[in-house]
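The data block below is query.txt; it holds compact mmCIF, C-alpha atoms and all ligand atoms.
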# COMPACT_ATOMS: atom_id res chain seq x y z
CA MET A 535 21.87 0.41 17.95
CA SER A 536 24.92 1.29 15.87
CA SER A 537 25.12 0.86 12.15
CA SER A 538 27.90 -0.35 9.93
CA ILE A 539 26.92 2.36 7.46
CA THR A 540 28.21 5.56 9.00
CA ASN A 541 28.05 8.22 6.29
CA TYR A 542 24.23 8.42 6.19
CA GLY A 543 24.27 10.11 9.58
CA VAL A 544 26.49 12.95 8.37
CA SER A 545 24.79 16.30 7.69
CA SER A 546 21.99 15.91 5.11
CA ALA A 547 23.34 12.70 3.50
CA THR A 548 20.29 10.65 4.55
CA TYR A 549 17.86 13.33 3.40
CA GLN A 550 19.49 13.46 -0.01
CA ALA A 551 19.70 9.68 -0.39
CA ALA A 552 15.99 9.45 0.48
CA GLY A 553 15.12 11.73 -2.46
CA GLU A 554 14.72 14.91 -0.38
CA LEU A 555 11.21 16.10 0.43
CA LYS A 556 9.60 14.45 -2.61
CA GLY A 557 11.12 11.08 -1.72
CA ILE A 558 10.15 11.33 1.94
CA ARG A 559 6.59 12.31 1.02
CA GLN A 560 6.35 9.21 -1.19
CA LEU A 561 7.73 7.00 1.62
CA VAL A 562 5.19 8.39 4.09
CA ASP A 563 2.27 8.22 1.62
CA ASP A 564 3.06 4.57 0.98
CA PHE A 565 3.52 3.94 4.73
CA TYR A 566 0.07 5.26 5.61
CA ASN A 567 -1.59 3.71 2.54
CA ILE A 568 -0.20 0.31 3.55
CA MET A 569 -1.34 0.87 7.16
CA ASN A 570 -4.77 1.82 5.86
CA THR A 571 -5.28 -1.26 3.70
CA SER A 572 -3.36 -4.15 5.27
CA ASN A 573 -4.95 -6.35 7.95
CA ASP A 574 -1.51 -6.66 9.58
CA TYR A 575 -1.66 -3.09 10.91
CA LYS A 576 -5.27 -2.89 12.06
CA ILE A 577 -4.34 -2.14 15.68
CA ILE A 578 -2.17 0.87 14.90
CA ARG A 579 -4.47 2.06 12.10
CA ALA A 580 -7.33 2.25 14.61
CA MET A 581 -5.24 4.59 16.80
CA HIS A 582 -5.12 7.19 14.01
CA THR A 583 -7.79 9.62 12.82
CA GLY A 584 -10.07 8.58 9.94
CA ASP A 585 -8.54 11.01 7.47
CA LEU A 586 -4.78 10.50 7.26
CA THR A 587 -3.95 13.66 5.28
CA ILE A 588 -2.62 15.61 8.28
CA SER A 589 -0.88 12.52 9.73
CA LYS A 590 0.95 12.13 6.41
CA ASP A 591 2.04 15.75 6.31
CA LYS A 592 3.18 15.71 9.95
CA LEU A 593 5.29 12.57 9.58
CA THR A 594 6.78 13.87 6.31
CA CYS A 595 7.71 17.19 7.93
CA PHE A 596 9.15 15.43 10.97
CA LEU A 597 11.23 12.97 8.95
CA SER A 598 12.59 15.80 6.80
CA GLY A 599 14.34 17.34 9.84
CA TRP A 600 15.12 13.96 11.37
CA MET A 601 17.01 12.96 8.19
CA GLY A 602 19.02 16.19 8.18
CA GLY A 603 16.86 18.22 5.79
CA GLU A 604 14.68 21.25 6.50
CA ARG A 605 13.13 21.23 9.98
CA LEU A 606 9.64 21.56 8.59
CA PHE A 607 7.77 20.10 11.56
CA SER A 608 8.79 22.83 13.99
CA GLU A 609 8.27 25.49 11.30
CA LYS A 610 4.72 24.34 10.58
CA TYR A 611 3.47 22.64 13.73
CA GLY A 612 5.77 23.75 16.57
CA SER A 613 8.16 21.73 18.68
CA ILE A 614 7.57 18.05 19.47
CA ASN A 615 9.05 15.50 21.82
CA ILE A 616 8.32 12.23 20.03
CA PRO A 617 8.28 9.84 23.06
CA GLN A 618 6.23 12.26 25.20
CA PHE A 619 3.78 13.01 22.38
CA HIS A 620 2.98 9.31 21.97
CA ALA A 621 2.99 8.41 25.68
CA PHE A 622 -0.78 8.87 26.09
CA ILE A 623 -1.34 6.04 23.57
CA LYS A 624 -0.81 2.48 24.78
CA ILE A 625 2.16 1.31 22.72
CA GLY A 626 3.77 -2.01 23.62
CA GLU A 627 6.12 -4.26 21.68
CA LYS A 628 3.32 -5.41 19.36
CA GLU A 629 2.34 -1.87 18.35
CA ARG A 630 5.98 -0.77 18.04
CA ASP A 631 6.74 -3.71 15.78
CA GLN A 632 3.63 -3.16 13.65
CA TRP A 633 4.75 0.42 13.04
CA LEU A 634 8.27 -0.68 12.11
CA HIS A 635 7.04 -3.53 9.87
CA CYS A 636 4.69 -1.15 8.10
CA MET A 637 7.62 1.20 7.53
CA GLN A 638 9.71 -1.73 6.28
CA GLU A 639 7.00 -2.57 3.72
CA SER A 640 6.95 1.03 2.59
CA LEU A 641 10.75 1.13 2.34
CA ALA A 642 10.63 -2.03 0.20
CA LYS A 643 8.58 -0.09 -2.37
CA GLN A 644 11.07 2.78 -2.63
CA ASN A 645 13.87 2.98 -5.13
CA TYR A 646 16.45 3.37 -2.35
CA PRO A 647 19.81 1.60 -1.98
CA GLU A 648 19.46 -1.47 0.27
CA SER A 649 21.99 0.10 2.63
CA LEU A 650 19.68 3.10 3.15
CA LYS A 651 16.68 0.86 3.85
CA THR A 652 18.66 -1.07 6.47
CA TYR A 653 20.01 2.13 7.99
CA LEU A 654 16.58 3.77 8.26
CA ILE A 655 14.95 0.77 9.94
CA GLU A 656 17.83 0.53 12.42
CA GLN A 657 17.61 4.24 13.19
CA LEU A 658 13.80 4.34 13.42
CA TRP A 659 13.91 1.53 15.96
CA VAL A 660 15.46 4.01 18.41
CA PRO A 661 12.54 6.51 18.66
CA ALA A 662 10.04 3.64 18.34
CA GLU A 663 11.57 1.94 21.39
CA ARG A 664 11.71 5.26 23.30
CA ILE A 665 7.99 5.65 22.56
CA ARG A 666 7.27 2.18 23.95
CA ILE A 667 9.18 2.96 27.17
CA ALA A 668 7.50 6.39 27.61
CA SER A 669 4.08 4.84 27.03
CA LYS A 670 4.79 2.06 29.54
CA GLN A 671 5.92 4.56 32.18
CA ARG A 672 2.86 6.77 31.64
CA HIS A 673 0.39 3.89 31.82
CA GLU A 674 2.03 2.29 34.85
CA LYS A 675 1.52 5.57 36.76
CA SER A 676 -2.19 5.87 36.03
C1 LIG A 701 6.12 3.00 17.90
C2 LIG A 701 5.05 2.93 17.14
C3 LIG A 701 4.21 4.14 16.79
C4 LIG A 701 2.85 4.23 16.88
C5 LIG A 701 1.91 3.12 17.31
C6 LIG A 701 2.49 5.58 16.49
C7 LIG A 701 1.19 6.08 16.46
C8 LIG A 701 0.85 7.39 16.24
C9 LIG A 701 -0.48 7.93 16.37
C10 LIG A 701 -1.71 7.13 16.75
C11 LIG A 701 -0.44 9.25 16.06
C12 LIG A 701 -1.61 10.24 16.06
C13 LIG A 701 -2.10 10.36 14.62
C14 LIG A 701 -3.41 11.08 14.46
O1 LIG A 701 -3.66 12.08 15.16
O2 LIG A 701 -4.15 10.64 13.59
C15 LIG A 701 0.95 9.55 15.76
C16 LIG A 701 1.41 10.80 15.40
C17 LIG A 701 2.72 11.06 15.06
N1 LIG A 701 3.77 10.18 15.03
FE1 LIG A 701 3.69 8.26 15.62
N2 LIG A 701 3.62 6.27 16.15
C18 LIG A 701 4.69 5.44 16.31
C19 LIG A 701 6.01 5.74 16.04
C20 LIG A 701 6.47 6.93 15.53
C21 LIG A 701 7.86 7.22 15.22
C22 LIG A 701 9.01 6.22 15.37
C23 LIG A 701 7.90 8.51 14.77
C24 LIG A 701 9.05 9.33 14.29
C25 LIG A 701 10.20 8.84 13.88
C26 LIG A 701 6.53 9.03 14.81
C27 LIG A 701 6.15 10.31 14.46
C28 LIG A 701 4.90 10.85 14.61
C29 LIG A 701 4.55 12.24 14.35
C30 LIG A 701 5.51 13.33 13.87
C31 LIG A 701 3.18 12.38 14.62
C32 LIG A 701 2.34 13.65 14.54
C33 LIG A 701 2.33 14.34 15.89
C34 LIG A 701 1.32 15.47 16.03
O3 LIG A 701 0.11 15.25 15.79
O4 LIG A 701 1.72 16.58 16.38
N3 LIG A 701 5.71 8.04 15.27
N4 LIG A 701 1.72 8.41 15.88

Structure rendered as structure tokens:
Amino acid sequence: MSSSITNYGVSSATYQAAGELKGIRQLVDDFYNIMNTSNDYKIIRAMHTGDLTISKDKLTCFLSGWMGGERLFSEKYGSINIPQFHAFIKIGEKERDQWLHCMQESLAKQNYPESLKTYLIEQLWVPAERIRIASKQRHEKS
């Protein structure tokens, strides 16, 4: 999906607009806290471990590199292929959309420009959809 807002993709522009590591950590904390408390995300919450501390740190580290900042995930946890990592979990359209809606709720809480919120949801749709396809392929085989 292409975006009308092009400059966020350049270098670390997205990372900076998102408030660097502190801002991303807040976005991810809110994301998982919403997932943990809202009935709307029960299905995807149940897929995660009870304690979300590590999940929060991993997503924060991943998004830092993904937004053009420090590549903290590979530094701390090693390399990751996002679609292949998730493929063992059954993720269809419903689960993909729950994840994206949860992220949209978290974005709504952040003091970000509207253009950044729109851009991030558009861009996150791409790996989320790749995850759905990888999961479908894996589960069709078995
Ligand atoms: C499509 C919907 C998605 C679902 C249902 C989902 C679900 C999950 C689950 C269940 C875990 C394991 C957490 C645990 O061990 O407690 C996980 C880990 C993770 N997810 Fe997702 N996820 C989705 C999309 C995404 C997207 C779009 C990204 C990145 C942009 C992402 C990044 C990560 C990372 C970095 C981890 C940690 C991997 C590791 O343990 O090494 N996820 N996800």

Can I get the residues of chain A within 8 Å of ligand LIG 701 (chain A), each with the closest pair of atoms and their distance in Å to one decimal, using only C-alpha atoms and all ligand atoms, sorted chain first then ascending number, as a Markdown table?
| residue | atom | partner | partner_atom | distance |
| --- | --- | --- | --- | --- |
| A:Ile578 | CA | A:LIG701 | C5 | 5.2 |
| A:Arg579 | CA | A:LIG701 | C10 | 7.4 |
| A:Ala580 | CA | A:LIG701 | C10 | 7.7 |
| A:Met581 | CA | A:LIG701 | C10 | 4.3 |
| A:His582 | CA | A:LIG701 | O2 | 3.6 |
| A:Thr583 | CA | A:LIG701 | O2 | 3.9 |
| A:Gly584 | CA | A:LIG701 | O2 | 7.3 |
| A:Asp585 | CA | A:LIG701 | O2 | 7.5 |
| A:Leu586 | CA | A:LIG701 | O2 | 6.4 |
| A:Ile588 | CA | A:LIG701 | O2 | 7.4 |
| A:Ser589 | CA | A:LIG701 | O2 | 5.4 |
| A:Lys592 | CA | A:LIG701 | C32 | 5.1 |
| A:Leu593 | CA | A:LIG701 | C30 | 4.4 |
| A:Thr594 | CA | A:LIG701 | C30 | 7.7 |
| A:Cys595 | CA | A:LIG701 | C30 | 7.4 |
| A:Phe596 | CA | A:LIG701 | C30 | 5.1 |
| A:Leu597 | CA | A:LIG701 | C25 | 6.5 |
| A:Trp600 | CA | A:LIG701 | C25 | 7.5 |
| A:Phe607 | CA | A:LIG701 | C30 | 7.5 |
| A:Tyr611 | CA | A:LIG701 | O4 | 6.8 |
| A:Ile614 | CA | A:LIG701 | O4 | 6.8 |
| A:Ile616 | CA | A:LIG701 | C27 | 6.3 |
| A:Phe619 | CA | A:LIG701 | C33 | 6.8 |
| A:His620 | CA | A:LIG701 | N4 | 6.3 |
| A:Ile623 | CA | A:LIG701 | C10 | 6.9 |
| A:Lys624 | CA | A:LIG701 | C5 | 8.0 |
| A:Ile625 | CA | A:LIG701 | C5 | 5.7 |
| A:Gly626 | CA | A:LIG701 | C1 | 8.0 |
| A:Glu629 | CA | A:LIG701 | C5 | 5.1 |
| A:Arg630 | CA | A:LIG701 | C1 | 3.8 |
| A:Asp631 | CA | A:LIG701 | C2 | 7.0 |
| A:Gln632 | CA | A:LIG701 | C2 | 7.2 |
| A:Trp633 | CA | A:LIG701 | C2 | 4.8 |
| A:Leu634 | CA | A:LIG701 | C2 | 7.0 |
| A:Leu658 | CA | A:LIG701 | C22 | 5.5 |
| A:Trp659 | CA | A:LIG701 | C22 | 6.8 |
| A:Val660 | CA | A:LIG701 | C22 | 7.5 |
| A:Pro661 | CA | A:LIG701 | C22 | 4.8 |
| A:Ala662 | CA | A:LIG701 | C1 | 4.0 |
| A:Glu663 | CA | A:LIG701 | C1 | 6.6 |
| A:Ile665 | CA | A:LIG701 | C1 | 5.7 |
| A:Arg666 | CA | A:LIG701 | C1 | 6.2 |

Generate the output file for the selected residues, C-alpha atoms, as a CSV table (one decimal), in the coordinates of the input.
chain,number,residue,atom,x,y,z
A,578,ILE,CA,-2.2,0.9,14.9
A,579,ARG,CA,-4.5,2.1,12.1
A,580,ALA,CA,-7.3,2.2,14.6
A,581,MET,CA,-5.2,4.6,16.8
A,582,HIS,CA,-5.1,7.2,14.0
A,583,THR,CA,-7.8,9.6,12.8
A,584,GLY,CA,-10.1,8.6,9.9
A,585,ASP,CA,-8.5,11.0,7.5
A,586,LEU,CA,-4.8,10.5,7.3
A,588,ILE,CA,-2.6,15.6,8.3
A,589,SER,CA,-0.9,12.5,9.7
A,592,LYS,CA,3.2,15.7,10.0
A,593,LEU,CA,5.3,12.6,9.6
A,594,THR,CA,6.8,13.9,6.3
A,595,CYS,CA,7.7,17.2,7.9
A,596,PHE,CA,9.2,15.4,11.0
A,597,LEU,CA,11.2,13.0,9.0
A,600,TRP,CA,15.1,14.0,11.4
A,607,PHE,CA,7.8,20.1,11.6
A,611,TYR,CA,3.5,22.6,13.7
A,614,ILE,CA,7.6,18.0,19.5
A,616,ILE,CA,8.3,12.2,20.0
A,619,PHE,CA,3.8,13.0,22.4
A,620,HIS,CA,3.0,9.3,22.0
A,623,ILE,CA,-1.3,6.0,23.6
A,624,LYS,CA,-0.8,2.5,24.8
A,625,ILE,CA,2.2,1.3,22.7
A,626,GLY,CA,3.8,-2.0,23.6
A,629,GLU,CA,2.3,-1.9,18.4
A,630,ARG,CA,6.0,-0.8,18.0
A,631,ASP,CA,6.7,-3.7,15.8
A,632,GLN,CA,3.6,-3.2,13.6
A,633,TRP,CA,4.8,0.4,13.0
A,634,LEU,CA,8.3,-0.7,12.1
A,658,LEU,CA,13.8,4.3,13.4
A,659,TRP,CA,13.9,1.5,16.0
A,660,VAL,CA,15.5,4.0,18.4
A,661,PRO,CA,12.5,6.5,18.7
A,662,ALA,CA,10.0,3.6,18.3
A,663,GLU,CA,11.6,1.9,21.4
A,665,ILE,CA,8.0,5.6,22.6
A,666,ARG,CA,7.3,2.2,24.0

In Å, rounded to a single decimal, give me how far atom CA of A:Gln657 is from atom CA of A:Lys675.
28.6 Å

Between atom CA of A:Lys610 and atom CA of A:Arg559, what distance in Å does the model show, to one decimal?
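The value is 15.5 Å.
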
One number please: atom CA of A:Ala547 to atom CA of A:Asn645, in Å, one decimal.
16.1 Å

Could you put an axis-aligned box around every listed atom of stretch 556-568 of chain A, padded by 3 Å on each side, and send me its centre and edge lengths in Å to one decimal, as AutoDock Vina command-line options?
--center_x 4.8 --center_y 7.4 --center_z 1.5 --size_x 18.7 --size_y 20.1 --size_z 14.2

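Minimum atom-to-atom distances from A:Pro617, A:Leu641, A:His635, A:Phe622 to A:Ile667 were compared using all atoms listed in the file, and the lowest value belongs to A:Pro617.
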
Using only C-alpha atoms, can you tell me which of A:Lys670, A:Arg605, A:Lys651, A:Lys590 comes closest to A:Phe565?
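When distances to A:Phe565 are compared using only C-alpha atoms, the smallest one comes from A:Lys590.
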
Top pick for closest residue to A:Ile558, considering A:Asn541, A:Gln644, A:Cys636, A:Glu627 and counting all atoms listed in the file:
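The shortest atom-to-atom distance to A:Ile558 comes from A:Gln644.
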
Fewer than 6 positions away in the same chain doesn't count, so skip those; otherwise give me all residues within 12 Å of A:Glu648, counting only C-alpha atoms, as an NGL selection string.
:A and (539 or 551-552 or 638 or 641-642 or 654-655)

Residue nearest A:Glu674 among A:Ala621, A:Leu606, A:Asn573, A:Ser598 (counting only C-alpha atoms)
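Comparing A:Ala621, A:Leu606, A:Asn573, A:Ser598 against A:Glu674, the winner is A:Ala621.
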